[in-house]
file my_file_1.pdb (PDB, N, CA and C atoms)
ATOM      1  N   MET A  28      11.636  10.467 -11.146
ATOM      2  CA  MET A  28      11.274   9.089 -10.889
ATOM      3  C   MET A  28       9.744   9.004 -10.909
ATOM      4  N   GLU A  29       9.170   8.621 -12.028
ATOM      5  CA  GLU A  29       7.728   8.510 -12.142
ATOM      6  C   GLU A  29       7.367   7.141 -12.691
ATOM      7  N   SER A  30       6.310   6.564 -12.177
ATOM      8  CA  SER A  30       5.888   5.241 -12.603
ATOM      9  C   SER A  30       4.384   5.121 -12.443
ATOM     10  N   THR A  31       3.806   4.122 -13.098
ATOM     11  CA  THR A  31       2.368   3.912 -13.050
ATOM     12  C   THR A  31       2.060   2.674 -12.208
ATOM     13  N   LEU A  32       1.057   2.787 -11.352
ATOM     14  CA  LEU A  32       0.632   1.669 -10.519
ATOM     15  C   LEU A  32      -0.133   0.659 -11.357
ATOM     16  N   ASN A  33       0.192  -0.608 -11.170
ATOM     17  CA  ASN A  33      -0.517  -1.707 -11.817
ATOM     18  C   ASN A  33      -1.151  -2.563 -10.727
ATOM     19  N   ASN A  34      -2.443  -2.841 -10.871
ATOM     20  CA  ASN A  34      -3.118  -3.749  -9.949
ATOM     21  C   ASN A  34      -3.052  -5.145 -10.556
ATOM     22  N   ASN A  35      -2.094  -5.938 -10.108
ATOM     23  CA  ASN A  35      -1.908  -7.299 -10.593
ATOM     24  C   ASN A  35      -2.850  -8.201  -9.791
ATOM     25  N   ILE A  36      -4.069  -8.346 -10.272
ATOM     26  CA  ILE A  36      -5.118  -9.065  -9.543
ATOM     27  C   ILE A  36      -4.760 -10.535  -9.296
ATOM     28  N   PRO A  37      -4.257 -11.293 -10.309
ATOM     29  CA  PRO A  37      -3.923 -12.703 -10.035
ATOM     30  C   PRO A  37      -2.888 -12.877  -8.921
ATOM     31  N   GLU A  38      -1.912 -11.967  -8.845
ATOM     32  CA  GLU A  38      -0.871 -12.052  -7.810
ATOM     33  C   GLU A  38      -1.261 -11.339  -6.520
ATOM     34  N   ARG A  39      -2.348 -10.561  -6.571
ATOM     35  CA  ARG A  39      -2.779  -9.708  -5.452
ATOM     36  C   ARG A  39      -1.667  -8.764  -5.021
ATOM     37  N   HIS A  40      -1.139  -8.049  -6.006
ATOM     38  CA  HIS A  40      -0.084  -7.065  -5.779
ATOM     39  C   HIS A  40      -0.485  -5.750  -6.427
ATOM     40  N   PHE A  41      -0.215  -4.654  -5.738
ATOM     41  CA  PHE A  41      -0.141  -3.360  -6.396
ATOM     42  C   PHE A  41       1.346  -3.216  -6.685
ATOM     43  N   GLU A  42       1.692  -2.960  -7.938
ATOM     44  CA  GLU A  42       3.105  -2.970  -8.287
ATOM     45  C   GLU A  42       3.451  -1.844  -9.248
ATOM     46  N   MET A  43       4.723  -1.513  -9.273
ATOM     47  CA  MET A  43       5.233  -0.517 -10.216
ATOM     48  C   MET A  43       6.725  -0.747 -10.421
ATOM     49  N   GLU A  44       7.213  -0.226 -11.524
ATOM     50  CA  GLU A  44       8.644  -0.247 -11.810
ATOM     51  C   GLU A  44       9.201   1.125 -11.430
ATOM     52  N   VAL A  45      10.226   1.119 -10.615
ATOM     53  CA  VAL A  45      10.875   2.355 -10.187
ATOM     54  C   VAL A  45      12.373   2.188 -10.435
ATOM     55  N   SER A  46      12.928   3.049 -11.239
ATOM     56  CA  SER A  46      14.354   2.953 -11.588
ATOM     57  C   SER A  46      14.728   1.543 -12.023
ATOM     58  N   GLU A  47      13.900   0.987 -12.877
ATOM     59  CA  GLU A  47      14.094  -0.360 -13.431
ATOM     60  C   GLU A  47      14.076  -1.459 -12.372
ATOM     61  N   GLN A  48      13.453  -1.181 -11.233
ATOM     62  CA  GLN A  48      13.310  -2.167 -10.155
ATOM     63  C   GLN A  48      11.829  -2.381  -9.878
ATOM     64  N   HIS A  49      11.469  -3.607  -9.527
ATOM     65  CA  HIS A  49      10.079  -3.981  -9.254
ATOM     66  C   HIS A  49       9.773  -3.738  -7.773
ATOM     67  N   VAL A  50       8.797  -2.875  -7.482
ATOM     68  CA  VAL A  50       8.340  -2.655  -6.111
ATOM     69  C   VAL A  50       6.862  -3.044  -6.053
ATOM     70  N   PHE A  51       6.442  -3.590  -4.916
ATOM     71  CA  PHE A  51       5.044  -3.992  -4.813
ATOM     72  C   PHE A  51       4.596  -4.079  -3.370
ATOM     73  N   VAL A  52       3.282  -4.055  -3.202
ATOM     74  CA  VAL A  52       2.672  -4.362  -1.915
ATOM     75  C   VAL A  52       1.652  -5.469  -2.168
ATOM     76  N   GLU A  53       1.775  -6.528  -1.402
ATOM     77  CA  GLU A  53       0.839  -7.652  -1.471
ATOM     78  C   GLU A  53      -0.392  -7.287  -0.663
ATOM     79  N   TYR A  54      -1.565  -7.682  -1.152
ATOM     80  CA  TYR A  54      -2.798  -7.328  -0.453
ATOM     81  C   TYR A  54      -3.798  -8.476  -0.442
ATOM     82  N   GLN A  55      -4.773  -8.340   0.448
ATOM     83  CA  GLN A  55      -5.961  -9.196   0.471
ATOM     84  C   GLN A  55      -7.155  -8.273   0.363
ATOM     85  N   GLU A  56      -8.097  -8.659  -0.480
ATOM     86  CA  GLU A  56      -9.286  -7.840  -0.695
ATOM     87  C   GLU A  56     -10.473  -8.503  -0.008
ATOM     88  N   ASN A  57     -11.288  -7.675   0.652
ATOM     89  CA  ASN A  57     -12.460  -8.186   1.345
ATOM     90  C   ASN A  57     -13.583  -7.160   1.235
ATOM     91  N   MET A  58     -14.452  -7.350   0.294
ATOM     92  CA  MET A  58     -15.596  -6.482   0.006
ATOM     93  C   MET A  58     -15.215  -5.002  -0.101
ATOM     94  N   ASP A  59     -15.250  -4.257   1.005
ATOM     95  CA  ASP A  59     -15.000  -2.823   0.939
ATOM     96  C   ASP A  59     -13.658  -2.412   1.544
ATOM     97  N   THR A  60     -12.766  -3.395   1.748
ATOM     98  CA  THR A  60     -11.444  -3.087   2.303
ATOM     99  C   THR A  60     -10.342  -3.804   1.521
ATOM    100  N   ILE A  61      -9.173  -3.208   1.573
ATOM    101  CA  ILE A  61      -7.969  -3.834   1.023
ATOM    102  C   ILE A  61      -6.936  -3.840   2.146
ATOM    103  N   ASN A  62      -6.525  -5.039   2.540
ATOM    104  CA  ASN A  62      -5.560  -5.218   3.612
ATOM    105  C   ASN A  62      -4.156  -5.266   2.998
ATOM    106  N   LEU A  63      -3.336  -4.278   3.309
ATOM    107  CA  LEU A  63      -1.971  -4.200   2.797
ATOM    108  C   LEU A  63      -1.073  -5.032   3.707
ATOM    109  N   ILE A  64      -0.573  -6.148   3.175
ATOM    110  CA  ILE A  64       0.082  -7.159   3.996
ATOM    111  C   ILE A  64       1.601  -7.058   4.026
ATOM    112  N   TYR A  65       2.202  -6.951   2.853
ATOM    113  CA  TYR A  65       3.666  -7.017   2.768
ATOM    114  C   TYR A  65       4.149  -6.132   1.635
ATOM    115  N   THR A  66       5.106  -5.278   1.915
ATOM    116  CA  THR A  66       5.690  -4.407   0.900
ATOM    117  C   THR A  66       7.102  -4.854   0.583
ATOM    118  N   HIS A  67       7.391  -4.919  -0.718
ATOM    119  CA  HIS A  67       8.745  -5.259  -1.171
ATOM    120  C   HIS A  67       9.356  -4.047  -1.866
ATOM    121  N   ILE A  68      10.436  -3.538  -1.293
ATOM    122  CA  ILE A  68      11.228  -2.459  -1.884
ATOM    123  C   ILE A  68      12.656  -2.995  -1.975
ATOM    124  N   PRO A  69      13.227  -3.105  -3.177
ATOM    125  CA  PRO A  69      14.607  -3.593  -3.283
ATOM    126  C   PRO A  69      15.570  -2.708  -2.478
ATOM    127  N   ASN A  70      16.592  -3.327  -1.915
ATOM    128  CA  ASN A  70      17.572  -2.595  -1.098
ATOM    129  C   ASN A  70      18.109  -1.364  -1.814
ATOM    130  N   ARG A  71      18.318  -1.490  -3.108
ATOM    131  CA  ARG A  71      18.874  -0.386  -3.901
ATOM    132  C   ARG A  71      17.976   0.861  -3.870
ATOM    133  N   LEU A  72      16.676   0.663  -3.612
ATOM    134  CA  LEU A  72      15.725   1.776  -3.645
ATOM    135  C   LEU A  72      15.336   2.316  -2.267
ATOM    136  N   ILE A  73      15.830   1.695  -1.219
ATOM    137  CA  ILE A  73      15.512   2.175   0.128
ATOM    138  C   ILE A  73      16.074   3.585   0.302
ATOM    139  N   GLY A  74      15.229   4.492   0.748
ATOM    140  CA  GLY A  74      15.639   5.874   0.973
ATOM    141  C   GLY A  74      15.554   6.764  -0.259
ATOM    142  N   THR A  75      15.034   6.234  -1.365
ATOM    143  CA  THR A  75      14.960   7.016  -2.606
ATOM    144  C   THR A  75      13.584   7.620  -2.854
ATOM    145  N   GLY A  76      12.610   7.298  -1.999
ATOM    146  CA  GLY A  76      11.242   7.777  -2.216
ATOM    147  C   GLY A  76      10.383   6.763  -2.953
ATOM    148  N   ALA A  77      10.938   5.587  -3.230
ATOM    149  CA  ALA A  77      10.179   4.556  -3.947
ATOM    150  C   ALA A  77       8.955   4.112  -3.144
ATOM    151  N   PHE A  78       9.119   3.925  -1.832
ATOM    152  CA  PHE A  78       7.970   3.528  -1.019
ATOM    153  C   PHE A  78       6.915   4.628  -1.003
ATOM    154  N   ARG A  79       7.328   5.879  -0.846
ATOM    155  CA  ARG A  79       6.380   6.985  -0.844
ATOM    156  C   ARG A  79       5.582   7.012  -2.139
ATOM    157  N   MET A  80       6.258   6.791  -3.253
ATOM    158  CA  MET A  80       5.585   6.762  -4.546
ATOM    159  C   MET A  80       4.550   5.637  -4.603
ATOM    160  N   LEU A  81       4.934   4.452  -4.130
ATOM    161  CA  LEU A  81       4.022   3.315  -4.105
ATOM    162  C   LEU A  81       2.848   3.616  -3.176
ATOM    163  N   ALA A  82       3.132   4.118  -1.983
ATOM    164  CA  ALA A  82       2.082   4.411  -1.007
ATOM    165  C   ALA A  82       1.085   5.428  -1.548
ATOM    166  N   GLU A  83       1.583   6.517  -2.116
ATOM    167  CA  GLU A  83       0.693   7.549  -2.653
ATOM    168  C   GLU A  83      -0.170   6.992  -3.789
ATOM    169  N   SER A  84       0.395   6.130  -4.609
ATOM    170  CA  SER A  84      -0.362   5.533  -5.712
ATOM    171  C   SER A  84      -1.445   4.590  -5.202
ATOM    172  N   VAL A  85      -1.131   3.798  -4.187
ATOM    173  CA  VAL A  85      -2.120   2.879  -3.604
ATOM    174  C   VAL A  85      -3.233   3.682  -2.933
ATOM    175  N   ILE A  86      -2.881   4.745  -2.233
ATOM    176  CA  ILE A  86      -3.876   5.598  -1.581
ATOM    177  C   ILE A  86      -4.780   6.251  -2.624
ATOM    178  N   SER A  87      -4.197   6.701  -3.702
ATOM    179  CA  SER A  87      -4.974   7.290  -4.791
ATOM    180  C   SER A  87      -5.935   6.259  -5.395
ATOM    181  N   PHE A  88      -5.464   5.029  -5.549
ATOM    182  CA  PHE A  88      -6.324   3.943  -6.042
ATOM    183  C   PHE A  88      -7.506   3.732  -5.096
ATOM    184  N   ALA A  89      -7.233   3.704  -3.797
ATOM    185  CA  ALA A  89      -8.290   3.471  -2.803
ATOM    186  C   ALA A  89      -9.336   4.584  -2.846
ATOM    187  N   LYS A  90      -8.877   5.824  -2.994
ATOM    188  CA  LYS A  90      -9.810   6.946  -3.104
ATOM    189  C   LYS A  90     -10.727   6.755  -4.304
ATOM    190  N   SER A  91     -10.146   6.431  -5.448
ATOM    191  CA  SER A  91     -10.923   6.251  -6.681
ATOM    192  C   SER A  91     -11.892   5.087  -6.582
ATOM    193  N   ALA A  92     -11.441   3.998  -5.953
ATOM    194  CA  ALA A  92     -12.271   2.796  -5.834
ATOM    195  C   ALA A  92     -13.255   2.879  -4.673
ATOM    196  N   LYS A  93     -13.111   3.929  -3.850
ATOM    197  CA  LYS A  93     -13.971   4.124  -2.678
ATOM    198  C   LYS A  93     -13.929   2.917  -1.724
ATOM    199  N   VAL A  94     -12.708   2.493  -1.441
ATOM    200  CA  VAL A  94     -12.497   1.402  -0.487
ATOM    201  C   VAL A  94     -11.600   1.906   0.638
ATOM    202  N   LYS A  95     -11.659   1.238   1.763
ATOM    203  CA  LYS A  95     -10.794   1.543   2.901
ATOM    204  C   LYS A  95      -9.576   0.626   2.847
ATOM    205  N   LEU A  96      -8.481   1.117   3.353
ATOM    206  CA  LEU A  96      -7.256   0.336   3.433
ATOM    207  C   LEU A  96      -7.019  -0.085   4.873
ATOM    208  N   ILE A  97      -6.398  -1.231   5.042
ATOM    209  CA  ILE A  97      -5.967  -1.705   6.356
ATOM    210  C   ILE A  97      -4.459  -1.859   6.288
ATOM    211  N   ALA A  98      -3.763  -1.230   7.203
ATOM    212  CA  ALA A  98      -2.298  -1.251   7.199
ATOM    213  C   ALA A  98      -1.786  -2.347   8.130
ATOM    214  N   THR A  99      -1.677  -3.565   7.607
ATOM    215  CA  THR A  99      -1.063  -4.654   8.360
ATOM    216  C   THR A  99       0.451  -4.595   8.187
ATOM    217  N   ASP A 100       0.894  -4.149   7.018
ATOM    218  CA  ASP A 100       2.306  -4.026   6.690
ATOM    219  C   ASP A 100       2.975  -2.941   7.534
ATOM    220  N   THR A 101       4.167  -3.214   8.020
ATOM    221  CA  THR A 101       4.887  -2.293   8.892
ATOM    222  C   THR A 101       5.195  -0.961   8.214
ATOM    223  N   LEU A 102       5.595  -0.984   6.950
ATOM    224  CA  LEU A 102       5.917   0.277   6.272
ATOM    225  C   LEU A 102       4.697   1.183   6.198
ATOM    226  N   PHE A 103       3.534   0.620   5.887
ATOM    227  CA  PHE A 103       2.316   1.431   5.835
ATOM    228  C   PHE A 103       1.903   1.882   7.235
ATOM    229  N   LYS A 104       2.083   1.026   8.237
ATOM    230  CA  LYS A 104       1.773   1.425   9.617
ATOM    231  C   LYS A 104       2.624   2.623  10.029
ATOM    232  N   ASN A 105       3.888   2.611   9.637
ATOM    233  CA  ASN A 105       4.795   3.708   9.977
ATOM    234  C   ASN A 105       4.540   4.949   9.127
ATOM    235  N   TYR A 106       3.960   4.789   7.972
ATOM    236  CA  TYR A 106       3.671   5.898   7.059
ATOM    237  C   TYR A 106       2.519   6.756   7.582
ATOM    238  N   LEU A 107       1.527   6.122   8.189
ATOM    239  CA  LEU A 107       0.317   6.833   8.624
ATOM    240  C   LEU A 107       0.552   7.960   9.619
ATOM    241  N   PRO A 108       1.323   7.764  10.684
ATOM    242  CA  PRO A 108       1.518   8.877  11.627
ATOM    243  C   PRO A 108       2.210  10.082  10.998
ATOM    244  N   VAL A 109       3.020   9.855   9.995
ATOM    245  CA  VAL A 109       3.743  10.934   9.325
ATOM    246  C   VAL A 109       2.843  11.647   8.307
ATOM    247  N   HIS A 110       1.806  10.956   7.860
ATOM    248  CA  HIS A 110       0.867  11.506   6.869
ATOM    249  C   HIS A 110      -0.569  11.366   7.374
ATOM    250  N   PRO A 111      -0.929  12.047   8.456
ATOM    251  CA  PRO A 111      -2.256  11.880   9.055
ATOM    252  C   PRO A 111      -3.402  12.305   8.128
ATOM    253  N   ASP A 112      -3.094  13.076   7.103
ATOM    254  CA  ASP A 112      -4.134  13.501   6.159
ATOM    255  C   ASP A 112      -4.743  12.314   5.403
ATOM    256  N   HIS A 113      -4.042  11.177   5.395
ATOM    257  CA  HIS A 113      -4.570   9.986   4.715
ATOM    258  C   HIS A 113      -5.300   9.039   5.672
ATOM    259  N   SER A 114      -5.313   9.348   6.947
ATOM    260  CA  SER A 114      -5.850   8.408   7.935
ATOM    261  C   SER A 114      -7.323   8.070   7.711
ATOM    262  N   ARG A 115      -8.100   8.971   7.127
ATOM    263  CA  ARG A 115      -9.523   8.677   6.902
ATOM    264  C   ARG A 115      -9.726   7.549   5.878
ATOM    265  N   LEU A 116      -8.693   7.243   5.092
ATOM    266  CA  LEU A 116      -8.790   6.153   4.116
ATOM    267  C   LEU A 116      -8.411   4.804   4.705
ATOM    268  N   PHE A 117      -7.929   4.837   5.945
ATOM    269  CA  PHE A 117      -7.494   3.601   6.588
ATOM    270  C   PHE A 117      -8.477   3.193   7.669
ATOM    271  N   LYS A 118      -8.753   1.920   7.705
ATOM    272  CA  LYS A 118      -9.658   1.352   8.693
ATOM    273  C   LYS A 118      -8.800   0.718   9.788
ATOM    274  N   ALA A 119      -9.082   1.080  11.015
ATOM    275  CA  ALA A 119      -8.324   0.529  12.132
ATOM    276  C   ALA A 119      -8.885  -0.837  12.505
ATOM    277  N   LEU A 120      -7.999  -1.748  12.842
ATOM    278  CA  LEU A 120      -8.418  -3.050  13.321
ATOM    279  C   LEU A 120      -8.626  -2.982  14.826
ATOM    280  N   THR A 121      -9.639  -3.655  15.297
ATOM    281  CA  THR A 121      -9.862  -3.757  16.729
ATOM    282  C   THR A 121      -8.790  -4.695  17.279
ATOM    283  N   PRO A 122      -8.120  -4.333  18.389
ATOM    284  CA  PRO A 122      -7.108  -5.209  18.942
ATOM    285  C   PRO A 122      -7.633  -6.632  19.126
ATOM    286  N   GLY A 123      -6.817  -7.599  18.720
ATOM    287  CA  GLY A 123      -7.205  -8.999  18.830
ATOM    288  C   GLY A 123      -7.998  -9.502  17.634
ATOM    289  N   THR A 124      -8.334  -8.617  16.698
ATOM    290  CA  THR A 124      -9.095  -9.028  15.530
ATOM    291  C   THR A 124      -8.168  -9.586  14.473
ATOM    292  N   ILE A 125      -8.567 -10.666  13.863
ATOM    293  CA  ILE A 125      -7.828 -11.218  12.736
ATOM    294  C   ILE A 125      -8.615 -10.873  11.488
ATOM    295  N   HIS A 126      -7.956 -10.225  10.546
ATOM    296  CA  HIS A 126      -8.627  -9.816   9.297
ATOM    297  C   HIS A 126      -8.094 -10.676   8.160
ATOM    298  N   PRO A 127      -8.987 -11.253   7.370
ATOM    299  CA  PRO A 127      -8.516 -12.115   6.274
ATOM    300  C   PRO A 127      -7.714 -11.345   5.254
TER     301      PRO A 127
END

call {"tool": "encode", "arguments": {"input": "my_file_1.pdb", "output": "structure tokens"}}
result
Amino acid sequence: MESTLNNNIPERHFEMEVSEQHVFVEYQENMDTINLIYTHIPNRLIGTGAFRMLAESVISFAKSAKVKLIATDTLFKNYLPVHPDHSRLFKALTPGTIHP
């Protein structure tokens, strides 16, 4: 199961096709950060590694672009404790802060 990440700028989605299904994470960009807001994984792909593939591709993009990620999305929030090696690429929000 291999796919290429596409940065769909007009839709503000990082997206890929996995097993002929469309997976994506919606984002907001703000100068040196990308706020990951909502991830869509079709039910058929839950538990198949599709999210891991998307997450690793987005993290790789952030490394290359030299930007920090903000995990507003629940799936990414839950991914970080399991993969602490990526935590330096994520910017923590101060409690009570609203990020555009």

call {"tool": "resolve_selection", "arguments": {"input": "my_file_1.pdb", "expression": "the PyMOL selection byres ((chain A and resi 32-43) around 6.5)", "output": "list of chain:residue names"}}
result
A:Ser30, A:Thr31, A:Glu44, A:Val45, A:Gln48, A:His49, A:Val50, A:Phe51, A:Val52, A:Glu53, A:Tyr54, A:Gln55, A:Ser84

call {"tool": "write_last_selection", "arguments": {"input": "my_file_1.pdb", "atoms": "N, CA and C atoms", "output": "JSON list (two decimals), in the coordinates of the input"}}
result
[["chain", "number", "residue", "atom", "x", "y", "z"],
["A", 30, "SER", "N", 6.31, 6.56, -12.18],
["A", 30, "SER", "CA", 5.89, 5.24, -12.60],
["A", 30, "SER", "C", 4.38, 5.12, -12.44],
["A", 31, "THR", "N", 3.81, 4.12, -13.10],
["A", 31, "THR", "CA", 2.37, 3.91, -13.05],
["A", 31, "THR", "C", 2.06, 2.67, -12.21],
["A", 44, "GLU", "N", 7.21, -0.23, -11.52],
["A", 44, "GLU", "CA", 8.64, -0.25, -11.81],
["A", 44, "GLU", "C", 9.20, 1.12, -11.43],
["A", 45, "VAL", "N", 10.23, 1.12, -10.62],
["A", 45, "VAL", "CA", 10.88, 2.36, -10.19],
["A", 45, "VAL", "C", 12.37, 2.19, -10.44],
["A", 48, "GLN", "N", 13.45, -1.18, -11.23],
["A", 48, "GLN", "CA", 13.31, -2.17, -10.15],
["A", 48, "GLN", "C", 11.83, -2.38, -9.88],
["A", 49, "HIS", "N", 11.47, -3.61, -9.53],
["A", 49, "HIS", "CA", 10.08, -3.98, -9.25],
["A", 49, "HIS", "C", 9.77, -3.74, -7.77],
["A", 50, "VAL", "N", 8.80, -2.88, -7.48],
["A", 50, "VAL", "CA", 8.34, -2.66, -6.11],
["A", 50, "VAL", "C", 6.86, -3.04, -6.05],
["A", 51, "PHE", "N", 6.44, -3.59, -4.92],
["A", 51, "PHE", "CA", 5.04, -3.99, -4.81],
["A", 51, "PHE", "C", 4.60, -4.08, -3.37],
["A", 52, "VAL", "N", 3.28, -4.06, -3.20],
["A", 52, "VAL", "CA", 2.67, -4.36, -1.92],
["A", 52, "VAL", "C", 1.65, -5.47, -2.17],
["A", 53, "GLU", "N", 1.78, -6.53, -1.40],
["A", 53, "GLU", "CA", 0.84, -7.65, -1.47],
["A", 53, "GLU", "C", -0.39, -7.29, -0.66],
["A", 54, "TYR", "N", -1.56, -7.68, -1.15],
["A", 54, "TYR", "CA", -2.80, -7.33, -0.45],
["A", 54, "TYR", "C", -3.80, -8.48, -0.44],
["A", 55, "GLN", "N", -4.77, -8.34, 0.45],
["A", 55, "GLN", "CA", -5.96, -9.20, 0.47],
["A", 55, "GLN", "C", -7.16, -8.27, 0.36],
["A", 84, "SER", "N", 0.40, 6.13, -4.61],
["A", 84, "SER", "CA", -0.36, 5.53, -5.71],
["A", 84, "SER", "C", -1.44, 4.59, -5.20]]

call {"tool": "residues_around", "arguments": {"input": "my_file_1.pdb", "residues": "Ala77 of chain A", "least_positions_apart": "4", "cutoff": "8 Å", "atoms": "all atoms listed in the file", "output": "list in words"}}
result
Val45, Ser46, Val50, Ile68, Leu72, Ile73, Leu81, Ala82 and Glu83 of chain A

call {"tool": "resolve_selection", "arguments": {"input": "my_file_1.pdb", "expression": "the PyMOL selection byres ((chain A and resi 91-105) around 6.5)", "output": "short mmCIF file (atom, residue, chain, number, x, y, z; two decimals) with N, CA and C atoms, in the coordinates of the input"}}
result
data_model
loop_
_atom_site.label_atom_id
_atom_site.label_comp_id
_atom_site.auth_asym_id
_atom_site.auth_seq_id
_atom_site.Cartn_x
_atom_site.Cartn_y
_atom_site.Cartn_z
N ASP A 59 -15.25 -4.26 1.00
CA ASP A 59 -15.00 -2.82 0.94
C ASP A 59 -13.66 -2.41 1.54
N THR A 60 -12.77 -3.40 1.75
CA THR A 60 -11.44 -3.09 2.30
C THR A 60 -10.34 -3.80 1.52
N ILE A 61 -9.17 -3.21 1.57
CA ILE A 61 -7.97 -3.83 1.02
C ILE A 61 -6.94 -3.84 2.15
N ASN A 62 -6.52 -5.04 2.54
CA ASN A 62 -5.56 -5.22 3.61
C ASN A 62 -4.16 -5.27 3.00
N LEU A 63 -3.34 -4.28 3.31
CA LEU A 63 -1.97 -4.20 2.80
C LEU A 63 -1.07 -5.03 3.71
N ILE A 64 -0.57 -6.15 3.18
CA ILE A 64 0.08 -7.16 4.00
C ILE A 64 1.60 -7.06 4.03
N TYR A 65 2.20 -6.95 2.85
CA TYR A 65 3.67 -7.02 2.77
C TYR A 65 4.15 -6.13 1.64
N THR A 66 5.11 -5.28 1.92
CA THR A 66 5.69 -4.41 0.90
C THR A 66 7.10 -4.85 0.58
N ILE A 86 -2.88 4.74 -2.23
CA ILE A 86 -3.88 5.60 -1.58
C ILE A 86 -4.78 6.25 -2.62
N SER A 87 -4.20 6.70 -3.70
CA SER A 87 -4.97 7.29 -4.79
C SER A 87 -5.94 6.26 -5.40
N PHE A 88 -5.46 5.03 -5.55
CA PHE A 88 -6.32 3.94 -6.04
C PHE A 88 -7.51 3.73 -5.10
N ALA A 89 -7.23 3.70 -3.80
CA ALA A 89 -8.29 3.47 -2.80
C ALA A 89 -9.34 4.58 -2.85
N LYS A 90 -8.88 5.82 -2.99
CA LYS A 90 -9.81 6.95 -3.10
C LYS A 90 -10.73 6.76 -4.30
N TYR A 106 3.96 4.79 7.97
CA TYR A 106 3.67 5.90 7.06
C TYR A 106 2.52 6.76 7.58
N LEU A 107 1.53 6.12 8.19
CA LEU A 107 0.32 6.83 8.62
C LEU A 107 0.55 7.96 9.62
N PRO A 108 1.32 7.76 10.68
CA PRO A 108 1.52 8.88 11.63
C PRO A 108 2.21 10.08 11.00
N VAL A 109 3.02 9.86 9.99
CA VAL A 109 3.74 10.93 9.32
C VAL A 109 2.84 11.65 8.31
N LEU A 116 -8.69 7.24 5.09
CA LEU A 116 -8.79 6.15 4.12
C LEU A 116 -8.41 4.80 4.70
N PHE A 117 -7.93 4.84 5.94
CA PHE A 117 -7.49 3.60 6.59
C PHE A 117 -8.48 3.19 7.67
N LYS A 118 -8.75 1.92 7.70
CA LYS A 118 -9.66 1.35 8.69
C LYS A 118 -8.80 0.72 9.79
N ALA A 119 -9.08 1.08 11.02
CA ALA A 119 -8.32 0.53 12.13
C ALA A 119 -8.88 -0.84 12.50
#

call {"tool": "select_by_dssp", "arguments": {"input": "my_file_1.pdb", "residues": "chain A", "states": "strand (DSSP E)", "output": "NGL selection string"}}
result
:A and (33-35 or 40-45 or 48-57 or 60-67 or 95-98)

call {"tool": "atom_distance", "arguments": {"input": "my_file_1.pdb", "atom1": "atom CA of Ser114 of chain A", "atom2": "atom CA of Asn70 of chain A"}}
result
27.4 Å

call {"tool": "atom_distance", "arguments": {"input": "my_file_1.pdb", "atom1": "atom CA of Thr75 of chain A", "atom2": "atom N of Pro111 of chain A"}}
result
20.0 Å

call {"tool": "atom_distance", "arguments": {"input": "my_file_1.pdb", "atom1": "atom C of Met58 of chain A", "atom2": "atom CA of Gly76 of chain A"}}
result
29.5 Å

call {"tool": "axis_aligned_box", "arguments": {"input": "my_file_1.pdb", "around": "segment 105-109 of chain A", "padding_each_side": "3 Å", "output": "AutoDock Vina command-line options"}}
result
--center_x 2.6 --center_y 7.1 --center_z 9.3 --size_x 10.5 --size_y 15.0 --size_z 10.6

call {"tool": "select_by_dssp", "arguments": {"input": "my_file_1.pdb", "residues": "chain A", "states": "alpha helix (DSSP H)", "output": "VMD selection string"}}
result
chain A and resid 77 to 92 101 to 109
